[in-house]
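Enquirer: Please see the structure below; I have some questions.
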Amino acid sequence: MSMEKSVSELLRRTPRVREIVKLGYQFCNVNLNRLRNDGNMTNTKSICINNDRDLQYMFGYYDKSPWDQDGNRMLTLQIPFSNRQPTGERAVVCLHDITTGDIHRVCETETWNLQQGCMLQWLGPDYSDLIIFNSLQDCKYVSLIYDLRTHQKTLLSRPVYSVSRDGTKALSLNFSRLHRLRPGYGYSILPDPTEGIPHPTDDGIWVLDINNNKSKLIISLDDIVNYDWNSTMDGVEHKFNHLEINPSAKRFMFLHRWRKKNIGYSRLFTADLDGRNIYCIADDQMVSHSCWKNDYEIVSWARKEGEGDRFFCFKDQTSDFEVVAKDVLDKDGHPSFSPDGRFLLSDTYPDKYRMRSLIIWDIVAGQKYDVGRFYTPFKYNGDLRCDLHPRWSRDGKHICFDSVHEGNRQQYIIESPIE
């Protein structure tokens with residue numbers, strides 16, 4: 001174990017102290033590096049979609065692609081600021097025309113955050129003219145389907161977290177509870193009626209039928225706490241996060257999280273889209289970011305007894321797993337697979353020089369590609385951080401990511417190094 005990891009593990013029970021120590025260590029290394037290199041912080045060439053740097057743009061999370069089916073248009077979110085958490089200020093849903101470079105305003109939304117935006121995405125199955133994103137209507141979180149061709153809006157009764165590839169089903173959760181327990185991921189506009197209730201029976205994960213606009217609670221927080229309960233779950237509030245439907249829309253994964261005495265706990269589950277056949281994939285205290293490799297396998301940064309913290313490939317509804325790119329992909333990141341399933345894309349958190357990396361792993365050839373490195377100013381830290389959250393284009397030839405290496409939040413495109 002490296003010195004950095006050893007110190008981090010030693011300070012795990014005091015997260016504020018650990019954060020101060022980490023920032024101090026980075027500050028010293030960044031300034032020493034600048035002295036040695038004439039102040040130059042190396043960045044890889046990339047294209048910013050925005051020509052007006054007074055405006056800030058972002059897309060959101062890594063499990064959604066901003067490109068349309070043909071790759072000629074890209075979704076983006078113009079945000080009014082990035083130095084604090086939003087409290088109802090409006091962001092602008094925009095469409096970037098890649099051929100002309102123009103950015104067109106589509107509509108506005110109050111429901112957004114700095115980590116996942118407003119869940120903006122194309123609505124399948126052909127990703128042509130329909131988009132969907134979260135909004136606020138009549139003091140209630142909802143989602144809107146917007147037709148870019150007719151400008152027609154369709155209101156759905158719940159906000160969306162994950163949408164099936166065919167555009168017929170979505171998963172939803174309590175975004176007020178999520179924000180309260182994990183600032184930067186939910187929405188702060190409306191109060192959380194479940195505050196103070198450790199694991200409510202009437203709150204959890206909903207499935208939404210997009211065609212008939214009907215939803216149903218399929219897994220409650222109380223259900224999941226009673227699934228292999230242990231004493232660390234007593235007397236604390238629980239939450240769900242990171243829902244993702246598999247390619248065939250038959251099953252989905254989700255994280256169950258809670259904190260006890262300043263220690264965070266996570267379990268990774270899968271279930272049928274109606275909430276049945278729940279299966280615990282990983283429960284050795286820590287599970288971070290995951291993605292579906294296919295309908296039956298999940299790649300996740302997690303902890304396994306005897307293996308430590310690594311990227312694992314888990315086989316759904318079995319105890320089978322294998323380590324992914326051992327000693328190569330050795331840091332937590334946001335993983336996703338190329339459209340053909342051969343290449344695994346991920347990023348890293350800031351290293352001791354505050355540099356984030358983009359990495360591609362060829363799972364067939366066992367080869368690593370270093371795509372780029374990008375500096376993160378110190379003001380973008382904690383809940384205000386800007387993760388790269390890399391996403392593939394639908395043909396696998398380009399990568400889109402959010403970054404602050406030029407001073408504020410922007411959305412960038414970079415060519416994939418794979419042929």
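Starting from 1 in every chain, residues are counted up; chains themselves are A, B, ... following the order of the structure tokens, and ligands are numbered from 1 as listed.
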Applying 7 Å and only C-alpha atoms, which residues near Asp126 of chain A remain after dropping the ones on its own chain fewer than 2 positions away? List them as number ranges by chain.
Expert: A: 69, 124, 128
Enquirer: Given the selection you just returned, output its residues as a file containing all heavy atoms, formatted as a short mmCIF file (atom, residue, chain, number, x, y, z; two decimals), in the first residue's frame.
Expert:
```cif
data_model
loop_
_atom_site.label_atom_id
_atom_site.label_comp_id
_atom_site.auth_asym_id
_atom_site.auth_seq_id
_atom_site.Cartn_x
_atom_site.Cartn_y
_atom_site.Cartn_z
N GLN A 69 -27.98 10.13 -32.15
CA GLN A 69 -27.63 8.89 -32.84
C GLN A 69 -26.61 9.13 -33.96
O GLN A 69 -25.70 8.33 -34.17
CB GLN A 69 -28.89 8.23 -33.43
CG GLN A 69 -28.65 6.86 -34.05
CD GLN A 69 -28.15 5.84 -33.05
OE1 GLN A 69 -28.69 5.72 -31.96
NE2 GLN A 69 -27.11 5.11 -33.40
N GLY A 124 -34.74 7.21 -26.00
CA GLY A 124 -34.69 6.20 -27.07
C GLY A 124 -36.03 5.96 -27.72
O GLY A 124 -37.02 6.58 -27.36
N SER A 128 -33.22 10.57 -31.57
CA SER A 128 -33.27 11.54 -32.67
C SER A 128 -33.82 12.90 -32.26
O SER A 128 -33.11 13.90 -32.33
CB SER A 128 -34.10 10.97 -33.82
OG SER A 128 -35.42 10.66 -33.38
#
```
Enquirer: Pull the strand (DSSP E or B) assignments for segment 248-297 of chain A out of DSSP run on the backbone, and list those residues as a ChimeraX atom specification.
Expert: /A:251-260,263-272,279-282,287-292,297
Enquirer: Would you please extract all helix (DSSP H, G or I) residues from segment 28-178 of chain A, as assigned by DSSP on the backbone, and give them as a list in words?
Expert: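 Selecting the helix (DSSP H, G or I) positions of segment 28-178 of chain A gives Cys28, Asn29, Val30, Asn31, Leu32, Asn33, Arg34, Leu35, Arg36, Phe175, Ser176, Arg177 and Leu178 of chain A.
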Enquirer: Provide the atom CA of Leu155 of chain A to atom CA of Ser82 of chain A distance in Å, to one decimal place.
Expert: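 Separation between atom CA of Leu155 of chain A and atom CA of Ser82 of chain A: 28.0 Å.
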Enquirer: Which neighbours of Ser65 of chain A fall inside 10 Å, counting only C-alpha atoms, when residues of the same chain fewer than 4 positions from it are skipped, and could you give them as a PyMOL selection string?
Expert: chain A and resi 59-61+69+74-75+120-122+390-394+399-400
Enquirer: Which is closer to Thr111 of chain A than all the others in A:Thr14, A:Ser143, A:Ser135, A:Thr76, using only C-alpha atoms?
Expert: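 Looking only at the distances to Thr111 of chain A, the closest residue turns out to be A:Ser135.
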Enquirer: Go ahead and compute the interatomic distance for atom CA of Pro159 of chain A and atom CA of Cys280 of chain A, in Å to one decimal.
Expert: 25.7 Å
Enquirer: With a distance cut-off of 10 Å and only C-alpha atoms, select the neighbouring residues of segment 284-288 of chain A, excluding the residue or stretch itself and same-chain residues fewer than 6 positions from it, and output the selection as a VMD selection string.
Expert: chain A and resid 242 255 to 257 263 to 268 300 to 305 308 to 311 332 to 334
Enquirer: Next, the residues of the selection above should be written as an mmCIF file, in the first residue's frame with C-alpha atoms.
Expert:
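File written: part39.cif
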```cif
data_model
loop_
_atom_site.group_PDB
_atom_site.id
_atom_site.type_symbol
_atom_site.label_atom_id
_atom_site.label_comp_id
_atom_site.auth_asym_id
_atom_site.auth_seq_id
_atom_site.Cartn_x
_atom_site.Cartn_y
_atom_site.Cartn_z
ATOM 1 C CA HIS A 242 -26.645 5.351 -8.479
ATOM 2 C CA LEU A 255 -26.422 1.358 -4.111
ATOM 3 C CA HIS A 256 -27.674 1.202 -0.530
ATOM 4 C CA ARG A 257 -25.683 3.613 1.643
ATOM 5 C CA ILE A 263 -17.726 5.672 8.564
ATOM 6 C CA GLY A 264 -19.569 5.208 5.296
ATOM 7 C CA TYR A 265 -21.030 1.872 4.222
ATOM 8 C CA SER A 266 -22.226 0.809 0.773
ATOM 9 C CA ARG A 267 -23.829 -2.294 -0.697
ATOM 10 C CA LEU A 268 -24.363 -2.965 -4.399
ATOM 11 C CA SER A 300 -17.449 -1.754 -10.146
ATOM 12 C CA TRP A 301 -14.823 -0.105 -7.962
ATOM 13 C CA ALA A 302 -15.363 -1.974 -4.722
ATOM 14 C CA ARG A 303 -13.716 -3.646 -1.742
ATOM 15 C CA LYS A 304 -13.466 -7.418 -1.513
ATOM 16 C CA GLU A 305 -12.045 -9.208 1.492
ATOM 17 C CA GLY A 308 -8.628 -4.933 -1.336
ATOM 18 C CA ASP A 309 -10.007 -1.967 -3.292
ATOM 19 C CA ARG A 310 -10.057 -2.618 -7.048
ATOM 20 C CA PHE A 311 -12.172 -2.680 -10.164
ATOM 21 C CA ASP A 332 -11.420 4.782 -8.298
ATOM 22 C CA GLY A 333 -13.077 6.398 -11.306
ATOM 23 C CA HIS A 334 -16.211 6.567 -13.420
#
```
Enquirer: Point out the residue among A:Asp166, A:Trp361, A:Asn51, A:Ile298 with the least atom-to-atom distance to Asp320 of chain A, counting only C-alpha atoms.
Expert: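 Smallest separation from Asp320 of chain A among the options: A:Ile298.
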Enquirer: Nearest residue to Lys64 of chain A out of A:Arg259, A:Arg165, A:Lys368, A:Arg180, using only C-alpha atoms?
Expert: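 Smallest separation from Lys64 of chain A among the options: A:Arg165.
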Enquirer: Here is a test: counting only C-alpha atoms, which residue of A:Leu221, A:Ile281, A:Ile418, A:Met58 is nearest to Phe343 of chain A?
Expert: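 When distances to Phe343 of chain A are compared using only C-alpha atoms, the smallest one comes from A:Ile418.
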Enquirer: With a distance cut-off of 8 Å and only C-alpha atoms, select the neighbouring residues of Asn294 of chain A, excluding the residue or stretch itself and same-chain residues fewer than 3 positions from it, and output the selection as a VMD selection string.
Expert: chain A and resid 246 to 247 297 to 298 341
Enquirer: Take the residues from that selection and put them in a file with all heavy atoms, as a compact mmCIF listing (two decimals), in the first residue's frame.
Expert:
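Contents of part19.txt, as written:
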```txt
# COMPACT_ATOMS: atom_id res chain seq x y z
N ASN A 246 -30.06 -2.15 -16.84
CA ASN A 246 -29.18 -2.89 -17.76
C ASN A 246 -29.66 -2.73 -19.21
O ASN A 246 -30.75 -2.21 -19.46
CB ASN A 246 -29.04 -4.35 -17.33
CG ASN A 246 -30.26 -5.19 -17.64
OD1 ASN A 246 -31.31 -4.72 -18.07
ND2 ASN A 246 -30.13 -6.50 -17.41
N PRO A 247 -28.85 -3.13 -20.20
CA PRO A 247 -29.20 -2.87 -21.61
C PRO A 247 -30.55 -3.40 -22.05
O PRO A 247 -31.24 -2.75 -22.86
CB PRO A 247 -28.05 -3.54 -22.38
CG PRO A 247 -26.89 -3.49 -21.44
CD PRO A 247 -27.49 -3.68 -20.07
N GLU A 297 -23.14 -8.75 -16.49
CA GLU A 297 -21.90 -8.44 -15.78
C GLU A 297 -21.83 -6.95 -15.45
O GLU A 297 -22.26 -6.10 -16.23
CB GLU A 297 -20.69 -8.83 -16.63
CG GLU A 297 -20.55 -10.32 -16.86
CD GLU A 297 -19.37 -10.64 -17.76
OE1 GLU A 297 -19.44 -10.26 -18.95
OE2 GLU A 297 -18.41 -11.26 -17.29
N ILE A 298 -21.28 -6.68 -14.27
CA ILE A 298 -21.13 -5.31 -13.77
C ILE A 298 -19.67 -5.08 -13.39
O ILE A 298 -19.08 -5.90 -12.67
CB ILE A 298 -22.02 -5.07 -12.53
CG1 ILE A 298 -23.50 -5.14 -12.90
CG2 ILE A 298 -21.69 -3.73 -11.89
CD1 ILE A 298 -24.41 -5.14 -11.69
N GLY A 341 -18.17 -2.81 -26.64
CA GLY A 341 -17.90 -3.58 -25.42
C GLY A 341 -16.46 -3.97 -25.21
O GLY A 341 -16.14 -4.64 -24.22
```
Enquirer: Compile the contact shell of Thr348 of chain A as a ChimeraX atom specification: residues with an atom at most 10 Å away, counting only C-alpha atoms, same-chain residues fewer than 5 positions apart removed.
Expert: /A:329-335,355-359,373,387-389
